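J.: File my_file_7.cif follows (mmCIF, C-alpha atoms (C1' of nucleotides)):
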```cif
data_run
loop_
_atom_site.group_PDB
_atom_site.id
_atom_site.type_symbol
_atom_site.label_atom_id
_atom_site.label_comp_id
_atom_site.auth_asym_id
_atom_site.auth_seq_id
_atom_site.Cartn_x
_atom_site.Cartn_y
_atom_site.Cartn_z
ATOM 1 C CA MET A 28 -31.812 35.224 -42.948
ATOM 2 C CA GLN A 29 -34.607 33.056 -41.766
ATOM 3 C CA GLU A 30 -37.479 33.119 -44.219
ATOM 4 C CA VAL A 31 -39.926 33.158 -41.336
ATOM 5 C CA VAL A 32 -39.244 36.874 -41.064
ATOM 6 C CA PHE A 33 -40.609 37.606 -44.531
ATOM 7 C CA GLN A 34 -43.414 35.119 -44.116
ATOM 8 C CA THR A 35 -44.449 36.981 -40.995
ATOM 9 C CA LEU A 36 -44.376 40.336 -42.752
ATOM 10 C CA ALA A 37 -46.311 38.997 -45.734
ATOM 11 C CA ASP A 38 -49.672 38.980 -44.010
ATOM 12 C CA PRO A 39 -51.458 42.341 -44.341
ATOM 13 C CA THR A 40 -52.967 42.198 -40.875
ATOM 14 C CA ARG A 41 -49.673 41.374 -39.180
ATOM 15 C CA PHE A 42 -48.064 44.143 -41.177
ATOM 16 C CA ARG A 43 -50.627 46.594 -39.866
ATOM 17 C CA ILE A 44 -50.148 45.343 -36.327
ATOM 18 C CA ILE A 45 -46.428 45.998 -36.604
ATOM 19 C CA GLU A 46 -47.129 49.473 -37.885
ATOM 20 C CA ALA A 47 -49.493 50.060 -35.002
ATOM 21 C CA LEU A 48 -46.743 49.043 -32.588
ATOM 22 C CA ARG A 49 -44.291 51.551 -34.017
ATOM 23 C CA GLY A 50 -45.629 54.118 -31.585
ATOM 24 C CA GLY A 51 -44.779 51.954 -28.578
ATOM 25 C CA GLU A 52 -46.475 49.226 -26.582
ATOM 26 C CA ARG A 53 -50.198 48.640 -27.040
ATOM 27 C CA ALA A 54 -52.836 46.489 -25.456
ATOM 28 C CA VAL A 55 -54.580 43.875 -27.583
ATOM 29 C CA GLY A 56 -57.814 45.813 -27.536
ATOM 30 C CA ASP A 57 -56.146 48.882 -28.984
ATOM 31 C CA ILE A 58 -54.683 46.792 -31.776
ATOM 32 C CA VAL A 59 -58.060 45.289 -32.564
ATOM 33 C CA GLY A 60 -59.288 48.808 -33.124
ATOM 34 C CA ALA A 61 -56.488 49.421 -35.612
ATOM 35 C CA VAL A 62 -57.112 46.377 -37.812
ATOM 36 C CA ASP A 63 -60.328 45.043 -39.265
ATOM 37 C CA ILE A 64 -60.511 41.486 -38.010
ATOM 38 C CA HIS A 65 -61.924 39.784 -34.966
ATOM 39 C CA GLN A 66 -60.136 39.904 -31.638
ATOM 40 C CA SER A 67 -59.372 36.201 -31.780
ATOM 41 C CA GLY A 68 -57.529 36.731 -35.036
ATOM 42 C CA VAL A 69 -55.482 39.525 -33.538
ATOM 43 C CA SER A 70 -54.487 37.316 -30.614
ATOM 44 C CA ARG A 71 -53.426 34.583 -33.024
ATOM 45 C CA HIS A 72 -51.379 37.034 -35.078
ATOM 46 C CA LEU A 73 -49.744 38.345 -31.932
ATOM 47 C CA ARG A 74 -48.755 34.834 -30.998
ATOM 48 C CA LEU A 75 -47.222 34.302 -34.443
ATOM 49 C CA LEU A 76 -45.445 37.636 -34.184
ATOM 50 C CA GLN A 77 -44.085 36.603 -30.825
ATOM 51 C CA GLU A 78 -42.897 33.230 -32.127
ATOM 52 C CA ALA A 79 -41.159 35.004 -35.007
ATOM 53 C CA GLY A 80 -39.429 37.329 -32.550
ATOM 54 C CA PHE A 81 -41.178 40.490 -33.667
ATOM 55 C CA VAL A 82 -42.889 41.313 -30.399
ATOM 56 C CA LYS A 83 -42.608 40.833 -26.676
ATOM 57 C CA VAL A 84 -45.421 41.029 -24.177
ATOM 58 C CA ARG A 85 -45.737 42.473 -20.702
ATOM 59 C CA PRO A 86 -48.712 41.940 -18.389
ATOM 60 C CA ASP A 87 -50.429 45.022 -17.057
ATOM 61 C CA GLY A 88 -53.404 44.102 -14.935
ATOM 62 C CA GLN A 89 -55.871 42.269 -17.096
ATOM 63 C CA LYS A 90 -54.301 43.746 -20.186
ATOM 64 C CA ARG A 91 -51.254 42.513 -22.030
ATOM 65 C CA LEU A 92 -49.014 45.142 -23.551
ATOM 66 C CA TYR A 93 -47.228 44.165 -26.756
ATOM 67 C CA SER A 94 -44.204 45.961 -28.141
ATOM 68 C CA LEU A 95 -41.676 45.484 -30.929
ATOM 69 C CA ARG A 96 -38.357 43.711 -30.633
ATOM 70 C CA PRO A 97 -35.400 44.823 -32.769
ATOM 71 C CA GLU A 98 -33.960 41.489 -33.927
ATOM 72 C CA PRO A 99 -36.060 40.719 -37.013
ATOM 73 C CA PHE A 100 -35.664 44.282 -38.240
ATOM 74 C CA ARG A 101 -31.932 43.910 -37.939
ATOM 75 C CA GLU A 102 -32.180 40.721 -39.964
ATOM 76 C CA VAL A 103 -34.100 42.455 -42.721
ATOM 77 C CA ASP A 104 -31.601 45.275 -42.726
ATOM 78 C CA GLU A 105 -28.670 42.897 -42.990
ATOM 79 C CA TRP A 106 -30.340 40.904 -45.729
ATOM 80 C CA VAL A 107 -31.160 43.896 -47.884
ATOM 81 C CA ASN A 108 -27.651 45.218 -47.416
ATOM 82 C CA ARG A 109 -26.388 42.155 -49.227
ATOM 83 C CA TYR A 110 -28.233 43.485 -52.269
ATOM 84 C CA ARG A 111 -27.242 47.101 -51.765
ATOM 85 C CA SER A 112 -24.768 47.030 -54.624
ATOM 86 C CA LEU A 113 -27.739 46.637 -56.931
ATOM 87 C CA TRP A 114 -28.675 50.252 -56.598
ATOM 88 C CA GLU A 115 -25.887 51.916 -54.708
ATOM 89 C CA ALA A 116 -22.500 51.134 -56.183
ATOM 90 C CA ARG A 117 -20.595 54.021 -54.687
ATOM 91 C CA LEU A 118 -20.157 54.454 -50.958
ATOM 92 C CA ASP A 119 -20.290 58.205 -51.362
ATOM 93 C CA LYS A 120 -24.024 57.809 -51.591
ATOM 94 C CA PHE A 121 -23.950 56.065 -48.268
ATOM 95 C CA ALA A 122 -22.230 59.082 -46.773
ATOM 96 C CA GLU A 123 -24.929 61.290 -48.265
ATOM 97 C CA GLU A 124 -27.504 59.100 -46.615
ATOM 98 C CA LEU A 125 -25.758 59.544 -43.308
ATOM 99 C CA ALA A 126 -25.957 63.294 -43.704
ATOM 100 C CA ARG A 127 -29.614 63.053 -44.641
ATOM 101 C CA ARG A 128 -30.375 61.093 -41.512
ATOM 102 C CA GLN A 129 -28.492 63.509 -39.342
ATOM 103 C CA ARG A 130 -30.654 66.277 -40.700
ATOM 104 C CA ALA A 131 -33.723 64.139 -40.149
ATOM 105 C CA ARG A 132 -32.679 63.606 -36.552
ATOM 106 C CA VAL A 133 -33.049 67.276 -35.836
ATOM 107 C CA SER A 134 -36.748 67.203 -36.698
ATOM 108 C CA LYS A 135 -37.202 63.845 -35.031
ATOM 109 C CA ASN A 136 -39.786 64.934 -32.515
ATOM 110 C CA LYS A 137 -42.082 66.264 -35.182
ATOM 111 C CA GLU A 138 -42.477 63.182 -37.369
ATOM 112 C CA LYS A 139 -44.049 61.085 -34.582
ATOM 113 C CA ASP A 140 -46.231 59.021 -36.970
ATOM 114 C CA THR A 141 -45.287 58.878 -40.625
ATOM 115 C CA MET B 20 -44.415 50.083 -48.763
ATOM 116 C CA GLN B 21 -46.433 47.729 -50.859
ATOM 117 C CA GLU B 22 -47.034 44.482 -49.036
ATOM 118 C CA VAL B 23 -46.612 42.586 -52.296
ATOM 119 C CA VAL B 24 -42.876 42.931 -51.751
ATOM 120 C CA PHE B 25 -42.908 40.908 -48.549
ATOM 121 C CA GLN B 26 -45.439 38.464 -49.941
ATOM 122 C CA THR B 27 -43.076 37.838 -52.820
ATOM 123 C CA LEU B 28 -40.124 37.268 -50.514
ATOM 124 C CA ALA B 29 -42.133 34.969 -48.249
ATOM 125 C CA ASP B 30 -42.067 32.000 -50.597
ATOM 126 C CA PRO B 31 -38.941 29.855 -50.027
ATOM 127 C CA THR B 32 -38.526 29.001 -53.689
ATOM 128 C CA ARG B 33 -38.766 32.615 -54.815
ATOM 129 C CA PHE B 34 -36.338 33.542 -52.088
ATOM 130 C CA ARG B 35 -33.851 31.023 -53.448
ATOM 131 C CA ILE B 36 -34.387 32.258 -56.993
ATOM 132 C CA ILE B 37 -33.547 35.777 -55.867
ATOM 133 C CA GLU B 38 -30.426 34.515 -54.165
ATOM 134 C CA ALA B 39 -29.470 32.658 -57.317
ATOM 135 C CA LEU B 40 -29.826 35.895 -59.275
ATOM 136 C CA ARG B 41 -27.461 37.775 -56.977
ATOM 137 C CA GLY B 42 -24.602 36.627 -59.166
ATOM 138 C CA GLY B 43 -26.095 38.242 -62.247
ATOM 139 C CA GLU B 44 -28.493 37.216 -64.975
ATOM 140 C CA ARG B 45 -29.394 33.557 -65.389
ATOM 141 C CA ALA B 46 -31.396 31.489 -67.844
ATOM 142 C CA VAL B 47 -34.467 29.678 -66.580
ATOM 143 C CA GLY B 48 -32.784 26.323 -66.930
ATOM 144 C CA ASP B 49 -29.945 27.380 -64.670
ATOM 145 C CA ILE B 50 -32.403 28.511 -62.038
ATOM 146 C CA VAL B 51 -34.261 25.214 -62.216
ATOM 147 C CA GLY B 52 -30.980 23.566 -61.307
ATOM 148 C CA ALA B 53 -30.664 25.804 -58.263
ATOM 149 C CA VAL B 54 -34.103 25.119 -56.769
ATOM 150 C CA ASP B 55 -35.902 21.841 -56.227
ATOM 151 C CA ILE B 56 -39.158 22.276 -58.076
ATOM 152 C CA HIS B 57 -40.307 21.578 -61.607
ATOM 153 C CA GLN B 58 -39.469 23.932 -64.469
ATOM 154 C CA SER B 59 -43.089 25.017 -64.808
ATOM 155 C CA GLY B 60 -43.058 26.171 -61.226
ATOM 156 C CA VAL B 61 -39.901 28.159 -61.766
ATOM 157 C CA SER B 62 -41.463 29.902 -64.754
ATOM 158 C CA ARG B 63 -44.507 30.777 -62.705
ATOM 159 C CA HIS B 64 -42.369 32.128 -59.884
ATOM 160 C CA LEU B 65 -40.378 34.178 -62.371
ATOM 161 C CA ARG B 66 -43.580 35.676 -63.686
ATOM 162 C CA LEU B 67 -44.641 36.592 -60.163
ATOM 163 C CA LEU B 68 -41.203 38.041 -59.464
ATOM 164 C CA GLN B 69 -41.495 40.096 -62.626
ATOM 165 C CA GLU B 70 -44.965 41.352 -61.718
ATOM 166 C CA ALA B 71 -43.657 42.340 -58.289
ATOM 167 C CA GLY B 72 -40.799 44.256 -59.921
ATOM 168 C CA PHE B 73 -38.024 42.025 -58.623
ATOM 169 C CA VAL B 74 -36.719 40.859 -61.975
ATOM 170 C CA LYS B 75 -36.463 41.865 -65.591
ATOM 171 C CA VAL B 76 -35.998 39.534 -68.532
ATOM 172 C CA ARG B 77 -33.931 39.703 -71.685
ATOM 173 C CA PRO B 78 -34.253 37.290 -74.607
ATOM 174 C CA ASP B 79 -31.095 35.525 -75.716
ATOM 175 C CA GLY B 80 -31.818 33.086 -78.510
ATOM 176 C CA GLN B 81 -34.182 30.463 -77.211
ATOM 177 C CA LYS B 82 -33.188 31.297 -73.666
ATOM 178 C CA ARG B 83 -34.529 34.063 -71.485
ATOM 179 C CA LEU B 84 -32.085 35.720 -69.141
ATOM 180 C CA TYR B 85 -33.523 36.979 -65.851
ATOM 181 C CA SER B 86 -31.818 39.503 -63.610
ATOM 182 C CA LEU B 87 -32.635 41.505 -60.497
ATOM 183 C CA ARG B 88 -34.096 44.986 -60.437
ATOM 184 C CA PRO B 89 -33.222 47.373 -57.611
ATOM 185 C CA GLU B 90 -36.603 48.913 -56.815
ATOM 186 C CA PRO B 91 -38.108 46.393 -54.378
ATOM 187 C CA PHE B 92 -34.831 46.179 -52.477
ATOM 188 C CA ARG B 93 -34.904 49.927 -52.112
ATOM 189 C CA GLU B 94 -38.421 49.645 -50.773
ATOM 190 C CA VAL B 95 -37.383 47.098 -48.176
ATOM 191 C CA ASP B 96 -34.460 49.256 -47.194
ATOM 192 C CA GLU B 97 -36.643 52.321 -46.779
ATOM 193 C CA TRP B 98 -39.231 50.402 -44.831
ATOM 194 C CA VAL B 99 -36.785 48.917 -42.367
ATOM 195 C CA ASN B 100 -35.148 52.287 -41.910
ATOM 196 C CA ARG B 101 -38.425 53.533 -40.465
ATOM 197 C CA TYR B 102 -37.830 51.051 -37.650
ATOM 198 C CA ARG B 103 -34.138 51.736 -37.288
ATOM 199 C CA SER B 104 -34.573 53.651 -34.060
ATOM 200 C CA LEU B 105 -35.635 50.376 -32.497
ATOM 201 C CA TRP B 106 -32.105 49.074 -32.410
ATOM 202 C CA GLU B 107 -29.909 51.963 -33.303
ATOM 203 C CA ALA B 108 -30.769 54.990 -31.228
ATOM 204 C CA ARG B 109 -27.511 56.826 -31.627
ATOM 205 C CA LEU B 110 -26.315 58.001 -35.010
ATOM 206 C CA ASP B 111 -22.727 57.394 -33.931
ATOM 207 C CA LYS B 112 -23.387 53.750 -34.569
ATOM 208 C CA PHE B 113 -24.464 54.603 -38.065
ATOM 209 C CA ALA B 114 -21.152 56.329 -38.612
ATOM 210 C CA GLU B 115 -19.392 53.224 -37.349
ATOM 211 C CA GLU B 116 -21.342 51.208 -39.858
ATOM 212 C CA LEU B 117 -20.205 53.546 -42.589
ATOM 213 C CA ALA B 118 -16.603 52.963 -41.598
ATOM 214 C CA ARG B 119 -17.154 49.214 -41.524
ATOM 215 C CA ARG B 120 -18.533 49.252 -45.058
ATOM 216 C CA GLN B 121 -15.688 51.364 -46.303
ATOM 217 C CA ARG B 122 -13.280 48.766 -44.988
ATOM 218 C CA ALA B 123 -15.377 46.055 -46.577
ATOM 219 C CA ARG B 124 -15.189 47.860 -49.883
ATOM 220 C CA VAL B 125 -11.450 47.321 -50.023
ATOM 221 C CA SER B 126 -11.857 43.556 -50.010
ATOM 222 C CA LYS B 127 -14.858 43.764 -52.306
ATOM 223 C CA ASN B 128 -13.496 41.643 -55.128
ATOM 224 C CA LYS B 129 -12.810 38.727 -52.819
ATOM 225 C CA GLU B 130 -16.239 38.254 -51.303
ATOM 226 C CA LYS B 131 -17.914 37.373 -54.636
ATOM 227 C CA ASP B 132 -20.544 35.049 -53.116
ATOM 228 C CA THR B 133 -21.363 35.380 -49.444
ATOM 229 C "C1'" DC C 20 -68.073 34.530 -4.685
ATOM 230 C "C1'" DA C 21 -70.247 36.931 -8.682
ATOM 231 C "C1'" DA C 22 -70.024 39.840 -12.581
ATOM 232 C "C1'" DA C 23 -67.463 42.354 -15.888
ATOM 233 C "C1'" DT C 24 -63.467 43.008 -18.683
ATOM 234 C "C1'" DA C 25 -59.420 41.428 -21.374
ATOM 235 C "C1'" DT C 26 -57.119 38.006 -23.818
ATOM 236 C "C1'" DA C 27 -56.219 33.269 -25.519
ATOM 237 C "C1'" DT C 28 -57.533 28.946 -27.706
ATOM 238 C "C1'" DG C 29 -60.188 24.886 -29.756
ATOM 239 C "C1'" DC C 30 -62.768 23.885 -33.760
ATOM 240 C "C1'" DG C 31 -64.568 23.751 -38.287
ATOM 241 C "C1'" DT C 32 -64.716 26.312 -42.756
ATOM 242 C "C1'" DT C 33 -62.938 28.679 -46.533
ATOM 243 C "C1'" DT C 34 -59.760 30.353 -49.709
ATOM 244 C "C1'" DG C 35 -55.608 31.349 -52.026
ATOM 245 C "C1'" DA C 36 -51.184 29.889 -53.409
ATOM 246 C "C1'" DA C 37 -47.909 26.426 -54.800
ATOM 247 C "C1'" DT C 38 -47.244 22.351 -57.287
ATOM 248 C "C1'" DG C 39 -46.858 18.629 -61.174
ATOM 249 C "C1'" DT C 40 -48.503 16.945 -65.509
ATOM 250 C "C1'" DA C 41 -49.390 17.836 -69.909
ATOM 251 C "C1'" DT C 42 -49.327 20.831 -73.603
ATOM 252 C "C1'" DA C 43 -48.469 25.100 -76.176
ATOM 253 C "C1'" DT C 44 -45.305 28.441 -77.994
ATOM 254 C "C1'" DA C 45 -40.850 30.157 -79.494
ATOM 255 C "C1'" DC C 46 -36.358 29.662 -81.351
ATOM 256 C "C1'" DA C 47 -32.266 27.130 -83.407
ATOM 257 C "C1'" DC C 48 -30.242 23.974 -86.402
ATOM 258 C "C1'" DC C 49 -30.218 20.808 -90.127
ATOM 259 C "C1'" DG D 1 -40.306 22.008 -93.114
ATOM 260 C "C1'" DG D 2 -38.874 18.870 -89.324
ATOM 261 C "C1'" DT D 3 -36.547 17.920 -84.993
ATOM 262 C "C1'" DG D 4 -34.682 19.213 -80.681
ATOM 263 C "C1'" DT D 5 -34.239 22.575 -77.001
ATOM 264 C "C1'" DA D 6 -35.997 26.258 -73.937
ATOM 265 C "C1'" DT D 7 -39.663 28.468 -71.713
ATOM 266 C "C1'" DA D 8 -44.566 29.535 -70.749
ATOM 267 C "C1'" DT D 9 -49.306 28.306 -69.674
ATOM 268 C "C1'" DA D 10 -53.801 25.750 -68.848
ATOM 269 C "C1'" DC D 11 -55.729 22.641 -65.678
ATOM 270 C "C1'" DA D 12 -56.717 20.038 -61.597
ATOM 271 C "C1'" DT D 13 -55.060 18.896 -56.944
ATOM 272 C "C1'" DT D 14 -53.258 19.667 -52.486
ATOM 273 C "C1'" DC D 15 -52.294 22.022 -48.397
ATOM 274 C "C1'" DA D 16 -51.394 25.608 -45.209
ATOM 275 C "C1'" DA D 17 -53.005 29.598 -43.224
ATOM 276 C "C1'" DA D 18 -56.442 32.978 -42.005
ATOM 277 C "C1'" DC D 19 -60.816 33.558 -40.283
ATOM 278 C "C1'" DG D 20 -65.184 33.774 -37.135
ATOM 279 C "C1'" DC D 21 -67.643 31.686 -33.566
ATOM 280 C "C1'" DA D 22 -67.822 29.902 -29.269
ATOM 281 C "C1'" DT D 23 -65.610 29.093 -25.126
ATOM 282 C "C1'" DA D 24 -61.857 28.961 -21.731
ATOM 283 C "C1'" DT D 25 -58.688 31.430 -18.732
ATOM 284 C "C1'" DA D 26 -57.116 35.309 -16.132
ATOM 285 C "C1'" DT D 27 -57.745 39.666 -13.716
ATOM 286 C "C1'" DT D 28 -60.278 43.384 -11.525
ATOM 287 C "C1'" DT D 29 -64.060 45.144 -8.858
ATOM 288 C "C1'" DG D 30 -67.926 44.939 -5.925
#
```
Any chance you could put this one into structure tokens?
T.:
Amino acid sequence: MQEVVFQTLADPTRFRIIEALRGGERAVGDIVGAVDIHQSGVSRHLRLLQEAGFVKVRPDGQKRLYSLRPEPFREVDEWVNRYRSLWEARLDKFAEELARRQRARVSKNKEKDT
Amino acid sequence: MQEVVFQTLADPTRFRIIEALRGGERAVGDIVGAVDIHQSGVSRHLRLLQEAGFVKVRPDGQKRLYSLRPEPFREVDEWVNRYRSLWEARLDKFAEELARRQRARVSKNKEKDT
DNA sequence: CAAATATATGCGTTTGAATGTATATACACC
DNA sequence: GGTGTATATACATTCAAACGCATATATTTG
């Protein structure tokens, strides 16, 4: 676990940018509309997010479309799993969680933005 | 998801303190030996960790024994699960993961400190 | 080429967080 | 009560990171 992952997530604006990118790729201008700082700040945050592996970018005319990359999320998942025994001693509960997610999958198209 | 969780994890020293507490409750002095800052700094970090819900404390004579609390780890787990579709589209893989963990459970007593 | 749009970057400022030193508080033991 | 040990806190300092402003770079359109 590289601590840069948590350091990246610690900033409220970057956190909001990541949330904004959950719905798919977005242009910088769209992201600026979703957070409350200046465009230059958003560009800087996007560069940091890119350096930390959270986002990739794709040119589209004069726009640049940013989207999420899976790696850092995997890292967070693996890290927190090392602490799973703290609250989930029995693997039965893990099976229950599997069932819960299978049910959730059915209504997947409805949740769109939680 | 409260961003205070990630802000707490972002500091390298706090991160190491949390790792040191994986093995169970520890006195402040033991933790000081595990990180490379002054005792006063460790006490401050422990206060922040307590305020963020990561640790609880139990008096034991003149010592104070700190240990991990599950809640913030649950929060991280729930948060990252919202992004799970990024890297794990098919639930079959989740079932595979379940099987992997069940196998891991068998050799649970050996892993001790990963 | 000129103008408009979209994004990135250089620069200086500000602010919050981490740190060490010194000291205070709490407990144990004699 | 006095001494030693363990932990917490007040205070001042330092430093990194976020920010806005201004400007540079790239792309489209006319």
J.: At a cut-off of 8 Å, which residues of chain B touch chain A? Count all atoms listed in the file and give the answer as JSON, numbers by chain.
T.: {"B": [22, 23, 24, 25, 26, 27, 28, 29, 30, 31, 34, 41, 87, 88, 89, 92, 93, 95, 96, 99, 100, 102, 103, 105, 106, 110, 113, 114, 117, 121]}
J.: Compute the chain B side of the contact with chain D at 8 Å, counting all atoms listed in the file, and hand it back as number ranges by chain.
T.: B: 47-48, 59, 62, 81-83
J.: Mind giving me the axis-aligned box for segment 32-44 of chain C with 8 Å on every side, centre plus edges in Å to one decimal, as lines of an AutoDock Vina configuration file?
T.:
```
center_x = -55.0
center_y = 24.1
center_z = -60.4
size_x = 35.4
size_y = 30.4
size_z = 51.2
```
J.: Would you write out, as a ChimeraX atom specification, every residue that the PyMOL selection byres ((chain C) within 12 of (chain B)) captures in this file?
T.: /C:36-42,44-48
J.: Please indicate the distance in Å from atom CA of Arg74 of chain A to atom CA of Val62 of chain A, rounded to one decimal place.
T.: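 A separation of 15.8 Å between them.
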J.: So how many Å separate atom CA of Gly52 of chain B and atom C1' of DG35 of chain C, to one decimal?
T.: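 So the answer is 27.4 Å.
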J.: Quick one, how far is atom CA of Glu70 of chain B from atom CA of Asp49 of chain B?
T.: 20.7 Å
J.: Would you mind putting N, CA and C atoms back on segment 66-93 of chain A and writing the result as a JSON list (two decimals), in the frame of the given file?
T.:
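out17.json, written as the output of this step:
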```json
[["chain", "number", "residue", "atom", "x", "y", "z"],
["A", 66, "GLN", "N", -61.14, 39.91, -32.71],
["A", 66, "GLN", "CA", -60.14, 39.90, -31.64],
["A", 66, "GLN", "C", -59.38, 38.58, -31.57],
["A", 67, "SER", "N", -60.07, 37.50, -31.84],
["A", 67, "SER", "CA", -59.37, 36.20, -31.78],
["A", 67, "SER", "C", -58.27, 36.14, -32.83],
["A", 68, "GLY", "N", -58.54, 36.70, -33.99],
["A", 68, "GLY", "CA", -57.53, 36.73, -35.04],
["A", 68, "GLY", "C", -56.33, 37.57, -34.64],
["A", 69, "VAL", "N", -56.58, 38.68, -33.99],
["A", 69, "VAL", "CA", -55.48, 39.52, -33.54],
["A", 69, "VAL", "C", -54.62, 38.78, -32.52],
["A", 70, "SER", "N", -55.26, 38.08, -31.60],
["A", 70, "SER", "CA", -54.49, 37.32, -30.61],
["A", 70, "SER", "C", -53.64, 36.26, -31.30],
["A", 71, "ARG", "N", -54.22, 35.59, -32.30],
["A", 71, "ARG", "CA", -53.43, 34.58, -33.02],
["A", 71, "ARG", "C", -52.24, 35.22, -33.73],
["A", 72, "HIS", "N", -52.48, 36.36, -34.38],
["A", 72, "HIS", "CA", -51.38, 37.03, -35.08],
["A", 72, "HIS", "C", -50.30, 37.47, -34.09],
["A", 73, "LEU", "N", -50.73, 37.92, -32.93],
["A", 73, "LEU", "CA", -49.74, 38.34, -31.93],
["A", 73, "LEU", "C", -48.91, 37.16, -31.46],
["A", 74, "ARG", "N", -49.54, 36.01, -31.38],
["A", 74, "ARG", "CA", -48.76, 34.83, -31.00],
["A", 74, "ARG", "C", -47.73, 34.50, -32.08],
["A", 75, "LEU", "N", -48.16, 34.56, -33.34],
["A", 75, "LEU", "CA", -47.22, 34.30, -34.44],
["A", 75, "LEU", "C", -46.11, 35.34, -34.46],
["A", 76, "LEU", "N", -46.46, 36.59, -34.21],
["A", 76, "LEU", "CA", -45.44, 37.64, -34.18],
["A", 76, "LEU", "C", -44.45, 37.39, -33.06],
["A", 77, "GLN", "N", -44.98, 36.90, -31.94],
["A", 77, "GLN", "CA", -44.08, 36.60, -30.82],
["A", 77, "GLN", "C", -43.16, 35.44, -31.16],
["A", 78, "GLU", "N", -43.72, 34.40, -31.76],
["A", 78, "GLU", "CA", -42.90, 33.23, -32.13],
["A", 78, "GLU", "C", -41.82, 33.61, -33.14],
["A", 79, "ALA", "N", -42.13, 34.57, -33.99],
["A", 79, "ALA", "CA", -41.16, 35.00, -35.01],
["A", 79, "ALA", "C", -40.18, 36.02, -34.44],
["A", 80, "GLY", "N", -40.36, 36.41, -33.18],
["A", 80, "GLY", "CA", -39.43, 37.33, -32.55],
["A", 80, "GLY", "C", -39.72, 38.80, -32.77],
["A", 81, "PHE", "N", -40.87, 39.09, -33.36],
["A", 81, "PHE", "CA", -41.18, 40.49, -33.67],
["A", 81, "PHE", "C", -41.66, 41.27, -32.46],
["A", 82, "VAL", "N", -42.31, 40.60, -31.53],
["A", 82, "VAL", "CA", -42.89, 41.31, -30.40],
["A", 82, "VAL", "C", -42.58, 40.61, -29.09],
["A", 83, "LYS", "N", -42.63, 41.39, -28.03],
["A", 83, "LYS", "CA", -42.61, 40.83, -26.68],
["A", 83, "LYS", "C", -43.86, 41.33, -25.97],
["A", 84, "VAL", "N", -44.18, 40.70, -24.87],
["A", 84, "VAL", "CA", -45.42, 41.03, -24.18],
["A", 84, "VAL", "C", -45.14, 41.22, -22.69],
["A", 85, "ARG", "N", -45.92, 42.13, -22.11],
["A", 85, "ARG", "CA", -45.74, 42.47, -20.70],
["A", 85, "ARG", "C", -47.12, 42.59, -20.08],
["A", 86, "PRO", "N", -47.39, 41.85, -19.02],
["A", 86, "PRO", "CA", -48.71, 41.94, -18.39],
["A", 86, "PRO", "C", -48.89, 43.27, -17.68],
["A", 87, "ASP", "N", -50.11, 43.77, -17.75],
["A", 87, "ASP", "CA", -50.43, 45.02, -17.06],
["A", 87, "ASP", "C", -51.88, 44.92, -16.61],
["A", 88, "GLY", "N", -52.05, 44.37, -15.41],
["A", 88, "GLY", "CA", -53.40, 44.10, -14.94],
["A", 88, "GLY", "C", -54.03, 43.02, -15.79],
["A", 89, "GLN", "N", -55.23, 43.26, -16.23],
["A", 89, "GLN", "CA", -55.87, 42.27, -17.10],
["A", 89, "GLN", "C", -55.49, 42.46, -18.56],
["A", 90, "LYS", "N", -54.76, 43.51, -18.81],
["A", 90, "LYS", "CA", -54.30, 43.75, -20.19],
["A", 90, "LYS", "C", -52.93, 43.13, -20.41],
["A", 91, "ARG", "N", -52.61, 42.96, -21.69],
["A", 91, "ARG", "CA", -51.25, 42.51, -22.03],
["A", 91, "ARG", "C", -50.71, 43.51, -23.04],
["A", 92, "LEU", "N", -49.59, 44.10, -22.71],
["A", 92, "LEU", "CA", -49.01, 45.14, -23.55],
["A", 92, "LEU", "C", -47.95, 44.54, -24.46],
["A", 93, "TYR", "N", -48.17, 44.68, -25.76],
["A", 93, "TYR", "CA", -47.23, 44.16, -26.76],
["A", 93, "TYR", "C", -46.36, 45.31, -27.27]]
```
